[in-house]
file upload-v7.cif (mmCIF, C-alpha atoms and all ligand atoms)
data_entry
#
loop_
_atom_site.label_atom_id
_atom_site.label_comp_id
_atom_site.auth_asym_id
_atom_site.auth_seq_id
_atom_site.Cartn_x
_atom_site.Cartn_y
_atom_site.Cartn_z
CA MET A 1 -23.61 -31.96 12.02
CA ALA A 2 -21.69 -28.75 12.54
CA VAL A 3 -19.62 -28.80 15.73
CA SER A 4 -19.37 -25.47 17.51
CA TYR A 5 -15.79 -24.86 18.60
CA PRO A 6 -15.46 -23.74 22.23
CA GLU A 7 -13.31 -20.70 21.50
CA PRO A 8 -10.64 -19.81 24.10
CA HIS A 9 -10.43 -16.45 25.86
CA TYR A 10 -8.58 -14.53 23.17
CA ALA A 11 -6.71 -11.30 23.84
CA ARG A 12 -8.81 -8.17 23.48
CA ARG A 13 -6.85 -7.18 20.38
CA ALA A 14 -8.19 -10.28 18.58
CA GLU A 15 -11.66 -8.68 18.60
CA ARG A 16 -10.46 -6.18 16.04
CA MET A 17 -8.93 -8.73 13.68
CA ARG A 18 -11.27 -9.34 10.78
CA ALA A 19 -10.90 -11.08 7.43
CA SER A 20 -10.66 -8.50 4.68
CA GLU A 21 -13.74 -8.30 2.46
CA ILE A 22 -11.35 -7.91 -0.44
CA ARG A 23 -10.02 -11.42 0.03
CA GLU A 24 -13.50 -12.70 -0.82
CA TYR A 25 -13.39 -10.89 -4.14
CA LEU A 26 -9.81 -11.95 -4.81
CA LYS A 27 -10.99 -15.56 -4.74
CA LEU A 28 -13.01 -14.73 -7.86
CA ILE A 29 -9.96 -13.86 -9.91
CA ASP A 30 -9.25 -17.43 -10.92
CA ARG A 31 -12.85 -18.20 -11.93
CA PRO A 32 -12.75 -19.11 -15.63
CA GLY A 33 -14.37 -16.52 -17.87
CA LEU A 34 -14.63 -13.87 -15.16
CA ILE A 35 -13.15 -10.45 -15.89
CA SER A 36 -11.87 -9.18 -12.57
CA PHE A 37 -11.23 -5.56 -11.72
CA ALA A 38 -11.10 -6.65 -8.06
CA GLY A 39 -7.53 -7.67 -7.28
CA GLY A 40 -4.92 -5.02 -6.69
CA ILE A 41 -2.15 -7.29 -7.86
CA PRO A 42 0.59 -6.81 -10.46
CA ASP A 43 0.50 -8.52 -13.85
CA PRO A 44 2.71 -11.63 -13.45
CA ALA A 45 3.71 -11.40 -17.13
CA LEU A 46 5.78 -8.35 -16.09
CA PHE A 47 7.85 -10.14 -13.43
CA PRO A 48 11.52 -10.47 -14.46
CA ALA A 49 11.37 -14.26 -14.02
CA GLU A 50 14.50 -14.97 -16.05
CA ALA A 51 16.58 -12.52 -14.05
CA PHE A 52 15.33 -14.15 -10.82
CA ALA A 53 16.11 -17.64 -12.16
CA ALA A 54 19.62 -16.60 -13.16
CA ALA A 55 20.27 -14.89 -9.82
CA TYR A 56 19.08 -17.86 -7.72
CA ALA A 57 21.23 -20.17 -9.87
CA ARG A 58 24.25 -17.89 -9.48
CA VAL A 59 23.84 -17.56 -5.72
CA LEU A 60 23.29 -21.27 -5.13
CA GLY A 61 25.85 -22.33 -7.75
CA ASP A 62 28.73 -20.76 -5.86
CA PRO A 63 29.47 -22.77 -2.67
CA ALA A 64 30.69 -19.78 -0.64
CA THR A 65 27.76 -17.52 -1.62
CA ALA A 66 25.30 -20.39 -1.14
CA LYS A 67 26.52 -20.95 2.41
CA SER A 68 25.98 -17.37 3.50
CA ALA A 69 22.77 -16.95 1.48
CA LEU A 70 21.22 -20.00 3.20
CA GLN A 71 22.38 -18.92 6.66
CA TYR A 72 20.73 -16.75 9.33
CA SER A 73 21.57 -13.08 8.87
CA ILE A 74 21.19 -9.71 10.62
CA SER A 75 17.76 -8.27 11.44
CA GLU A 76 18.51 -4.93 9.72
CA GLY A 77 18.71 -6.75 6.38
CA TYR A 78 21.40 -7.64 3.80
CA LEU A 79 23.89 -4.75 3.80
CA PRO A 80 24.47 -4.48 0.00
CA LEU A 81 20.69 -4.34 -0.52
CA ARG A 82 20.33 -1.64 2.14
CA GLN A 83 23.16 0.31 0.54
CA TRP A 84 21.51 0.01 -2.88
CA ILE A 85 18.22 1.25 -1.42
CA ALA A 86 19.97 4.14 0.40
CA GLU A 87 21.57 5.22 -2.90
CA ARG A 88 18.25 5.09 -4.74
CA MET A 89 16.44 6.98 -1.97
CA THR A 90 19.16 9.63 -2.03
CA ARG A 91 19.22 9.92 -5.83
CA ASP A 92 15.59 9.35 -6.85
CA ARG A 93 13.49 10.40 -3.88
CA GLY A 94 15.45 13.31 -2.43
CA ILE A 95 16.08 11.53 0.88
CA PRO A 96 19.84 11.65 1.56
CA CYS A 97 20.46 8.66 3.80
CA THR A 98 22.82 5.75 4.50
CA ALA A 99 22.31 2.04 5.11
CA ASP A 100 21.92 2.89 8.84
CA ASN A 101 18.62 4.57 7.96
CA VAL A 102 17.32 1.52 6.10
CA MET A 103 15.71 -1.66 7.41
CA ILE A 104 14.46 -4.49 5.22
CA THR A 105 10.93 -5.71 5.97
CA ALA A 106 8.75 -8.56 4.71
CA GLY A 107 6.97 -6.27 2.26
CA SER A 108 5.79 -2.84 3.29
CA GLN A 109 2.89 -4.60 5.00
CA GLN A 110 5.26 -5.78 7.74
CA ALA A 111 6.59 -2.24 8.11
CA LEU A 112 3.03 -1.03 8.85
CA ASP A 113 2.60 -3.71 11.52
CA PHE A 114 5.93 -2.84 13.14
CA ILE A 115 5.21 0.89 13.07
CA GLY A 116 1.84 0.23 14.74
CA LYS A 117 3.64 -1.85 17.38
CA LEU A 118 6.26 0.83 17.94
CA MET A 119 3.95 3.83 18.06
CA LEU A 120 0.44 2.90 19.20
CA SER A 121 -0.68 2.21 22.75
CA ALA A 122 -4.33 1.19 23.12
CA GLY A 123 -6.54 4.28 22.75
CA ASP A 124 -3.91 6.39 20.95
CA THR A 125 -5.00 8.11 17.77
CA ALA A 126 -3.88 7.27 14.24
CA LEU A 127 -4.83 9.77 11.55
CA VAL A 128 -5.83 8.07 8.31
CA ALA A 129 -7.51 9.17 5.09
CA ALA A 130 -11.12 8.19 4.47
CA PRO A 131 -11.04 5.94 2.49
CA THR A 132 -7.64 4.40 3.11
CA TYR A 133 -5.60 1.26 2.42
CA LEU A 134 -7.39 -1.55 4.19
CA GLY A 135 -4.13 -3.39 4.93
CA ALA A 136 -2.95 -0.43 7.01
CA LEU A 137 -6.08 -0.60 9.15
CA MET A 138 -5.60 -4.37 9.51
CA ALA A 139 -1.98 -3.79 10.56
CA PHE A 140 -2.85 -1.05 13.09
CA ASN A 141 -6.09 -2.54 14.51
CA PRO A 142 -4.45 -5.09 16.87
CA TYR A 143 -2.75 -2.17 18.67
CA GLU A 144 -6.24 -0.87 19.45
CA PRO A 145 -5.95 2.68 18.17
CA ARG A 146 -8.70 5.19 17.73
CA TYR A 147 -8.88 6.59 14.20
CA ASP A 148 -9.41 10.18 13.22
CA ALA A 149 -9.59 11.53 9.67
CA LEU A 150 -6.66 13.32 8.05
CA PRO A 151 -7.73 16.88 7.24
CA MET A 152 -9.50 17.21 3.91
CA GLU A 153 -8.90 20.20 1.67
CA ALA A 154 -11.76 22.27 3.06
CA SER A 155 -11.41 20.98 6.61
CA ASN A 156 -11.61 23.38 9.53
CA ARG A 157 -9.81 20.98 11.89
CA THR A 158 -7.05 22.61 13.92
CA PRO A 159 -4.13 20.78 15.58
CA ALA A 160 -5.78 21.53 18.94
CA SER A 161 -9.04 19.90 17.81
CA TYR A 162 -7.14 16.69 17.00
CA ALA A 163 -5.25 16.73 20.31
CA ASP A 164 -8.42 17.48 22.31
CA ALA A 165 -10.44 14.75 20.59
CA SER A 166 -7.66 12.27 21.26
CA ALA A 167 -7.29 13.17 24.93
CA ALA A 168 -11.08 13.12 25.42
CA ALA A 169 -11.31 9.60 23.93
CA ALA A 170 -8.88 8.01 26.40
CA PRO A 171 -6.98 9.51 29.34
CA GLY A 172 -3.37 10.23 28.40
CA ALA A 173 -3.90 9.21 24.77
CA ARG A 174 -2.19 11.20 22.03
CA VAL A 175 -2.13 11.46 18.28
CA LYS A 176 0.82 9.17 17.56
CA LEU A 177 0.91 8.86 13.81
CA ALA A 178 -0.50 10.11 10.55
CA TYR A 179 -0.61 7.49 7.79
CA ALA A 180 -0.70 8.58 4.16
CA VAL A 181 -0.30 7.08 0.68
CA PRO A 182 0.56 10.37 -1.06
CA ASP A 183 0.97 8.96 -4.57
CA PHE A 184 -1.74 7.05 -6.46
CA ALA A 185 -3.41 5.93 -3.26
CA ASN A 186 -5.12 2.62 -2.73
CA PRO A 187 -8.10 2.72 -3.20
CA THR A 188 -8.66 6.18 -4.71
CA GLY A 189 -5.71 6.45 -7.13
CA GLU A 190 -5.40 10.07 -6.00
CA THR A 191 -2.18 12.04 -5.57
CA MET A 192 -1.77 14.49 -2.71
CA PRO A 193 -1.09 18.01 -3.99
CA LEU A 194 2.07 19.73 -2.74
CA GLU A 195 0.16 22.13 -0.50
CA GLU A 196 -1.63 19.24 1.20
CA ARG A 197 1.74 17.51 1.76
CA ARG A 198 3.09 20.63 3.45
CA ARG A 199 -0.07 21.00 5.54
CA LEU A 200 0.17 17.40 6.72
CA LEU A 201 3.81 17.85 7.78
CA ALA A 202 2.95 21.10 9.58
CA LEU A 203 0.10 19.35 11.40
CA ALA A 204 2.45 16.52 12.43
CA ASP A 205 4.94 19.10 13.72
CA GLU A 206 2.20 20.74 15.80
CA LEU A 207 0.99 17.39 17.13
CA ASP A 208 4.54 16.05 17.49
CA CYS A 209 3.61 12.76 15.86
CA VAL A 210 5.29 10.61 13.21
CA VAL A 211 4.18 10.58 9.59
CA VAL A 212 4.06 7.18 7.92
CA GLU A 213 4.58 7.61 4.19
CA ASP A 214 3.52 4.51 2.25
CA THR A 215 4.98 4.57 -1.25
CA ALA A 216 3.68 1.25 -2.57
CA TYR A 217 2.92 2.97 -5.90
CA THR A 218 5.65 5.29 -7.11
CA GLU A 219 5.52 5.03 -10.90
CA ARG A 220 3.80 7.89 -12.67
CA PHE A 221 2.08 7.53 -16.06
CA SER A 222 1.37 11.22 -16.61
CA GLY A 223 1.40 14.61 -14.87
CA ASP A 224 4.10 16.27 -12.77
CA PRO A 225 5.99 14.40 -10.03
CA GLN A 226 5.46 15.56 -6.44
CA PRO A 227 8.18 15.49 -3.78
CA SER A 228 7.85 12.71 -1.23
CA LEU A 229 6.77 13.68 2.29
CA ALA A 230 10.15 12.42 3.52
CA SER A 231 12.09 14.63 1.09
CA LEU A 232 10.11 17.72 2.17
CA ASP A 233 10.61 16.97 5.85
CA VAL A 234 14.31 16.12 5.43
CA ALA A 235 14.84 19.40 3.55
CA ASP A 236 13.00 21.25 6.32
CA LYS A 237 14.74 19.56 9.26
CA GLY A 238 18.20 19.32 7.67
CA SER A 239 18.69 15.53 7.78
CA VAL A 240 16.87 12.23 7.73
CA ASP A 241 18.00 11.72 11.31
CA ALA A 242 15.99 14.79 12.34
CA SER A 243 12.92 13.85 10.29
CA ARG A 244 9.59 12.66 11.67
CA VAL A 245 8.67 10.79 8.48
CA ILE A 246 8.92 7.00 8.31
CA HIS A 247 9.11 6.27 4.58
CA CYS A 248 8.01 2.77 3.51
CA GLY A 249 8.94 1.31 0.13
CA THR A 250 8.56 -2.04 -1.61
CA PHE A 251 9.77 -4.12 -4.53
CA SER A 252 6.33 -5.73 -4.83
CA LYS A 253 4.88 -3.64 -7.66
CA VAL A 254 8.00 -3.15 -9.79
CA LEU A 255 9.86 -6.48 -9.44
CA ALA A 256 7.76 -9.14 -7.68
CA PRO A 257 5.72 -9.37 -4.48
CA ALA A 258 6.43 -13.06 -3.74
CA LEU A 259 9.87 -12.51 -2.19
CA ARG A 260 8.18 -10.21 0.33
CA ILE A 261 10.86 -7.54 0.38
CA GLY A 262 10.16 -3.97 1.33
CA TRP A 263 12.02 -1.33 3.30
CA VAL A 264 11.73 1.45 5.83
CA VAL A 265 13.80 4.63 5.62
CA ALA A 266 13.77 6.70 8.79
CA ALA A 267 15.88 8.45 11.40
CA ALA A 268 18.49 5.99 12.72
CA PRO A 269 17.02 5.89 16.28
CA ILE A 270 13.63 4.87 14.86
CA VAL A 271 15.28 2.25 12.65
CA ARG A 272 17.15 0.81 15.65
CA ARG A 273 13.86 0.33 17.51
CA LEU A 274 12.19 -1.22 14.47
CA VAL A 275 15.14 -3.63 14.21
CA LEU A 276 14.40 -4.86 17.75
CA ILE A 277 10.80 -5.50 16.70
CA LYS A 278 11.96 -7.30 13.55
CA GLN A 279 14.29 -9.46 15.63
CA ALA A 280 11.46 -10.49 17.93
CA ALA A 281 9.00 -11.08 15.07
CA ASP A 282 11.00 -13.16 12.56
CA LEU A 283 14.75 -12.52 13.15
CA HIS A 284 15.21 -11.33 9.56
CA SER A 285 13.74 -11.47 6.07
CA GLY A 286 14.86 -14.44 3.97
CA THR A 287 18.61 -14.15 3.40
CA ILE A 288 18.72 -15.72 -0.05
CA ASP A 289 15.74 -13.69 -1.21
CA GLN A 290 17.45 -10.47 -0.18
CA VAL A 291 20.68 -11.46 -1.93
CA VAL A 292 18.75 -12.34 -5.09
CA MET A 293 16.60 -9.20 -4.89
CA HIS A 294 19.73 -7.10 -4.66
CA GLN A 295 21.17 -8.67 -7.82
CA VAL A 296 17.90 -8.44 -9.75
CA ALA A 297 17.24 -4.85 -8.63
CA ALA A 298 20.77 -3.76 -9.58
CA GLU A 299 20.32 -5.34 -13.00
CA THR A 300 16.71 -4.61 -13.91
CA TYR A 301 15.12 -1.94 -11.70
CA ASP A 302 15.19 0.88 -14.24
CA SER A 303 14.11 -1.26 -17.19
CA GLN A 304 11.35 -2.80 -15.03
CA ILE A 305 10.04 0.67 -14.13
CA ALA A 306 9.88 1.54 -17.83
CA LYS A 307 8.14 -1.75 -18.67
CA VAL A 308 5.63 -1.67 -15.82
CA THR A 309 4.83 2.01 -16.36
CA ALA A 310 4.22 1.59 -20.10
CA SER A 311 2.02 -1.46 -19.60
CA TYR A 312 -0.14 0.00 -16.81
CA ARG A 313 -0.42 3.36 -18.59
CA GLU A 314 -1.92 1.62 -21.60
CA ARG A 315 -4.41 -0.24 -19.40
CA ARG A 316 -5.33 2.87 -17.42
CA ASP A 317 -6.02 4.67 -20.70
CA ALA A 318 -8.11 1.72 -21.89
CA MET A 319 -10.13 1.81 -18.68
CA LEU A 320 -10.71 5.57 -18.69
CA SER A 321 -11.83 5.56 -22.29
CA ALA A 322 -14.10 2.50 -21.76
CA LEU A 323 -15.68 4.17 -18.71
CA ALA A 324 -16.30 7.35 -20.71
CA ARG A 325 -17.94 5.41 -23.54
CA HIS A 326 -20.03 2.95 -21.54
CA MET A 327 -21.03 4.23 -18.10
CA PRO A 328 -24.56 5.55 -17.57
CA ALA A 329 -25.11 9.11 -16.32
CA GLY A 330 -24.50 9.60 -12.60
CA VAL A 331 -21.47 7.26 -12.40
CA HIS A 332 -18.28 9.20 -11.60
CA TRP A 333 -14.65 8.09 -11.51
CA SER A 334 -11.12 9.32 -10.76
CA ARG A 335 -8.39 9.83 -13.37
CA PRO A 336 -5.27 8.41 -11.70
CA GLU A 337 -1.82 9.45 -12.88
CA GLY A 338 -0.22 6.21 -11.67
CA GLY A 339 -0.80 3.18 -9.46
CA MET A 340 -3.32 0.45 -10.09
CA PHE A 341 -6.77 1.82 -9.32
CA VAL A 342 -9.67 3.89 -10.55
CA TRP A 343 -12.07 4.92 -7.76
CA ALA A 344 -15.67 5.36 -8.81
CA SER A 345 -19.11 6.10 -7.42
CA LEU A 346 -22.68 5.22 -8.34
CA PRO A 347 -25.55 7.70 -8.09
CA PRO A 348 -26.52 8.46 -4.45
CA GLY A 349 -28.61 5.71 -2.86
CA GLN A 350 -27.18 2.87 -4.97
CA ASP A 351 -25.28 0.09 -3.23
CA ALA A 352 -22.06 -1.07 -4.92
CA GLY A 353 -21.96 -4.03 -2.50
CA ALA A 354 -25.33 -5.39 -3.64
CA LEU A 355 -24.61 -4.75 -7.31
CA VAL A 356 -21.28 -6.62 -7.35
CA GLU A 357 -23.16 -9.84 -6.68
CA ARG A 358 -25.29 -9.22 -9.76
CA ALA A 359 -22.24 -8.22 -11.78
CA VAL A 360 -20.54 -11.53 -10.94
CA ALA A 361 -23.63 -13.72 -11.38
CA GLU A 362 -25.10 -12.11 -14.50
CA GLN A 363 -22.12 -10.61 -16.35
CA GLN A 364 -19.04 -12.45 -14.96
CA VAL A 365 -17.30 -9.24 -13.98
CA ALA A 366 -16.02 -8.25 -10.50
CA TYR A 367 -14.86 -5.16 -8.59
CA VAL A 368 -14.39 -4.28 -4.93
CA PRO A 369 -17.22 -2.36 -3.19
CA GLY A 370 -15.89 0.78 -1.52
CA ARG A 371 -17.33 0.32 1.96
CA ALA A 372 -14.41 -1.96 2.88
CA PHE A 373 -12.02 1.00 2.74
CA PHE A 374 -13.78 3.26 5.24
CA THR A 375 -13.41 3.03 9.02
CA ASP A 376 -16.99 4.20 9.62
CA GLY A 377 -19.12 2.02 7.33
CA THR A 378 -19.78 4.81 4.79
CA GLY A 379 -18.90 4.64 1.09
CA THR A 380 -21.84 2.41 0.10
CA GLU A 381 -22.06 3.88 -3.40
CA CYS A 382 -18.27 3.74 -4.03
CA PHE A 383 -16.27 1.01 -5.73
CA ARG A 384 -12.67 0.29 -6.78
CA LEU A 385 -11.58 -0.89 -10.21
CA SER A 386 -8.08 -2.28 -10.73
CA PHE A 387 -6.69 -2.05 -14.27
CA THR A 388 -3.41 -3.96 -13.89
CA LEU A 389 -4.47 -7.53 -14.61
CA PRO A 390 -6.93 -7.56 -17.54
CA THR A 391 -5.72 -6.75 -21.07
CA PRO A 392 -7.06 -3.63 -22.85
CA PRO A 393 -9.62 -5.70 -24.86
CA GLN A 394 -10.76 -7.41 -21.63
CA ILE A 395 -11.04 -4.00 -19.96
CA GLU A 396 -13.21 -2.74 -22.82
CA LYS A 397 -15.44 -5.81 -22.61
CA GLY A 398 -15.62 -5.87 -18.80
CA ILE A 399 -16.46 -2.18 -18.41
CA GLY A 400 -19.21 -2.60 -21.04
CA LYS A 401 -20.67 -5.49 -19.02
CA LEU A 402 -20.46 -3.52 -15.79
CA ALA A 403 -22.20 -0.57 -17.40
CA ARG A 404 -25.10 -2.88 -18.34
CA VAL A 405 -25.48 -3.95 -14.70
CA PHE A 406 -25.44 -0.33 -13.49
CA ALA A 407 -27.80 0.88 -16.21
CA ALA A 408 -30.34 -1.77 -15.20
CA ALA A 409 -30.08 -0.95 -11.45
C1 LIG B 1 -0.98 1.15 -0.20
C2 LIG B 1 -0.32 -0.17 0.00
N1 LIG B 1 0.60 -0.30 0.95
C3 LIG B 1 1.22 -1.46 1.17
C4 LIG B 1 0.91 -2.60 0.44
C5 LIG B 1 1.63 -3.88 0.78
O1 LIG B 1 2.54 -4.22 -0.17
P1 LIG B 1 3.77 -5.16 0.12
O2 LIG B 1 3.63 -5.70 1.51
O3 LIG B 1 3.68 -6.23 -0.91
O4 LIG B 1 4.98 -4.31 -0.03
C6 LIG B 1 -0.05 -2.53 -0.57
C7 LIG B 1 -0.41 -3.72 -1.34
O5 LIG B 1 -1.27 -3.77 -2.15
C8 LIG B 1 -0.69 -1.27 -0.78
O6 LIG B 1 -1.65 -1.13 -1.71
#
call {"tool": "encode", "arguments": {"input": "upload-v7.cif", "output": "structure tokens"}}
result
Amino acid sequence: MAVSYPEPHYARRAERMRASEIREYLKLIDRPGLISFAGGIPDPALFPAEAFAAAYARVLGDPATAKSALQYSISEGYLPLRQWIAERMTRDRGIPCTADNVMITAGSQQALDFIGKLMLSAGDTALVAAPTYLGALMAFNPYEPRYDALPMEASNRTPASYADASAAAAPGARVKLAYAVPDFANPTGETMPLEERRRLLALADELDCVVVEDTAYTERFSGDPQPSLASLDVADKGSVDASRVIHCGTFSKVLAPALRIGWVVAAAPIVRRLVLIKQAADLHSGTIDQVVMHQVAAETYDSQIAKVTASYRERRDAMLSALARHMPAGVHWSRPEGGMFVWASLPPGQDAGALVERAVAEQQVAYVPGRAFFTDGTGTECFRLSFTLPTPPQIEKGIGKLARVFAAA
């Protein structure tokens, strides 16, 4: 007999904590015979496992290094790793900065949580794209924000309309942050054009709010690179310490997600506050993992980028050509220039959520229905396909199977 648990009086913020629908689909990945386009995870065959093994052995094999690598360490993060990141941000991303502008986080996911904690009082407004990265909503939700949509291309929203809507929703509430994944977004795979980047920064200036730039996917397969939001703002304001952009990066997609190492680059006063939050949350990210990540990044980062980019480019191409050959009329999809995802839609009125169950049961193929990525329950006909895990022949086969499900709907 099922026992009903007498739940305690949780905090109000717990009401907005929900299990992600995506986790349900991720469970399907390991099902034998199933071709999954659901998970947004890197191909483990690309992890530099030997370099990690050698680095852990080196660090633990030297008694002096082992002692400090197994010890508590500072909340900002391992200094040589922060210096390495500061150099790369300066050189590759046009964000001149020093280690004082860098904090190490447990993946960029932790950075989103900490930024929510730092910026959002209950009722404050966070501007997010529709659809957006579900993990960002999960990170921000416990701080009880109100969401408003980032301006679309043809939007007639003015800064005043955002400020008024925010103040009307809760007394004293403000627009506190704008969250964007400008390159190869999750779930849409889209890249923000330069003009839209400039418009977003101008809007943030008018609203006097921070811009959270999530760069989980930086590697480009084709097309022209766009400047990061942080580089544009730093150029405009004269220095990272005068910038309103909080730039979040991660080693998850290029090296390996398991060590949970990401970073924040921001004005030093913002970083100092985030460090206090880090201290309270978990004191610091794993010392040995940071030491090892520093060694592996210094050794392999550039070759890993080349390897990961070549592999995912091939799979993206396989997916786009399979979609073009197999999909019935009325199905549309994006053509991403990087990242992990193709975003697609069924003809109006069709429900990607209902059809995924048939796809799994009848054709052993899975994807993520798009509704999960919207804050307002729309997106019924949308779905997300990840191309990073299946091989090109599996992609060809899986897209063919999916097309049969959609053609019969
Ligand atoms: C847009 C985006 N941001 C952040 C993350 C979190 O990555 P991590 O915490 O591993 O750095 C992900 C993971 O899929 C993502 O897609």
call {"tool": "atom_distance", "arguments": {"input": "upload-v7.cif", "atom1": "atom C4 of ligand LIG 1 (chain B)", "atom2": "atom CA of Asp351 of chain A"}}
result
26.6 Å
call {"tool": "residues_around", "arguments": {"input": "upload-v7.cif", "residues": "segment 188-204 of chain A", "least_positions_apart": "2", "cutoff": "8 Å", "atoms": "only C-alpha atoms", "output": "PDB file with C-alpha atoms, keeping the file's coordinate frame"}}
result
ATOM      1  CA  PRO A 131     -11.040   5.940   2.490  1.00  0.00           C
ATOM      2  CA  PRO A 151      -7.730  16.880   7.240  1.00  0.00           C
ATOM      3  CA  GLU A 153      -8.900  20.200   1.670  1.00  0.00           C
ATOM      4  CA  PRO A 159      -4.130  20.780  15.580  1.00  0.00           C
ATOM      5  CA  LEU A 177       0.910   8.860  13.810  1.00  0.00           C
ATOM      6  CA  ALA A 178      -0.500  10.110  10.550  1.00  0.00           C
ATOM      7  CA  PRO A 182       0.560  10.370  -1.060  1.00  0.00           C
ATOM      8  CA  ASP A 183       0.970   8.960  -4.570  1.00  0.00           C
ATOM      9  CA  PHE A 184      -1.740   7.050  -6.460  1.00  0.00           C
ATOM     10  CA  ALA A 185      -3.410   5.930  -3.260  1.00  0.00           C
ATOM     11  CA  ASN A 186      -5.120   2.620  -2.730  1.00  0.00           C
ATOM     12  CA  GLU A 206       2.200  20.740  15.800  1.00  0.00           C
ATOM     13  CA  LEU A 207       0.990  17.390  17.130  1.00  0.00           C
ATOM     14  CA  ASP A 208       4.540  16.050  17.490  1.00  0.00           C
ATOM     15  CA  CYS A 209       3.610  12.760  15.860  1.00  0.00           C
ATOM     16  CA  VAL A 210       5.290  10.610  13.210  1.00  0.00           C
ATOM     17  CA  VAL A 211       4.180  10.580   9.590  1.00  0.00           C
ATOM     18  CA  GLN A 226       5.460  15.560  -6.440  1.00  0.00           C
ATOM     19  CA  PRO A 227       8.180  15.490  -3.780  1.00  0.00           C
ATOM     20  CA  LEU A 229       6.770  13.680   2.290  1.00  0.00           C
ATOM     21  CA  LEU A 232      10.110  17.720   2.170  1.00  0.00           C
ATOM     22  CA  ASP A 233      10.610  16.970   5.850  1.00  0.00           C
ATOM     23  CA  SER A 334     -11.120   9.320 -10.760  1.00  0.00           C
ATOM     24  CA  ARG A 335      -8.390   9.830 -13.370  1.00  0.00           C
ATOM     25  CA  PRO A 336      -5.270   8.410 -11.700  1.00  0.00           C
ATOM     26  CA  GLU A 337      -1.820   9.450 -12.880  1.00  0.00           C
ATOM     27  CA  GLY A 338      -0.220   6.210 -11.670  1.00  0.00           C
ATOM     28  CA  GLY A 339      -0.800   3.180  -9.460  1.00  0.00           C
ATOM     29  CA  MET A 340      -3.320   0.450 -10.090  1.00  0.00           C
ATOM     30  CA  PHE A 341      -6.770   1.820  -9.320  1.00  0.00           C
ATOM     31  CA  VAL A 342      -9.670   3.890 -10.550  1.00  0.00           C
ATOM     32  CA  TRP A 343     -12.070   4.920  -7.760  1.00  0.00           C
ATOM     33  CA  ARG A 384     -12.670   0.290  -6.780  1.00  0.00           C
TER      34      ARG A 384
END
call {"tool": "atom_distance", "arguments": {"input": "upload-v7.cif", "atom1": "atom CA of Arg157 of chain A", "atom2": "atom CA of Gly379 of chain A"}}
result
21.6 Å
call {"tool": "atom_distance", "arguments": {"input": "upload-v7.cif", "atom1": "atom CA of Ala298 of chain A", "atom2": "atom CA of Gln279 of chain A"}}
result
26.6 Å
call {"tool": "residues_around", "arguments": {"input": "upload-v7.cif", "residues": "Trp84 of chain A", "least_positions_apart": "4", "cutoff": "8 Å", "atoms": "all atoms listed in the file", "output": "list in words"}}
result
Pro80, Arg88, His294 and Ala298 of chain A
call {"tool": "residues_near_ligand", "arguments": {"input": "upload-v7.cif", "ligand": "ligand LIG 1 (chain B)", "cutoff": "7 Å", "atoms": "all atoms listed in the file", "output": "MDAnalysis selection string"}}
result
chainID A and resid 40:41 106:110 133 135 181 185:186 214:216 249:252 257 260:262
call {"tool": "residues_around", "arguments": {"input": "upload-v7.cif", "residues": "Ala366 of chain A", "least_positions_apart": "4", "cutoff": "9 Å", "atoms": "all atoms listed in the file", "output": "PyMOL selection string"}}
result
chain A and resi 25+28-29+34-38+356-357+359-360+385+398+402
call {"tool": "closest_residue", "arguments": {"input": "upload-v7.cif", "among": "A:Ala122, A:Tyr217, A:Arg371, A:Ser155", "to": "Val175 of chain A", "atoms": "all atoms listed in the file"}}
result
A:Ala122
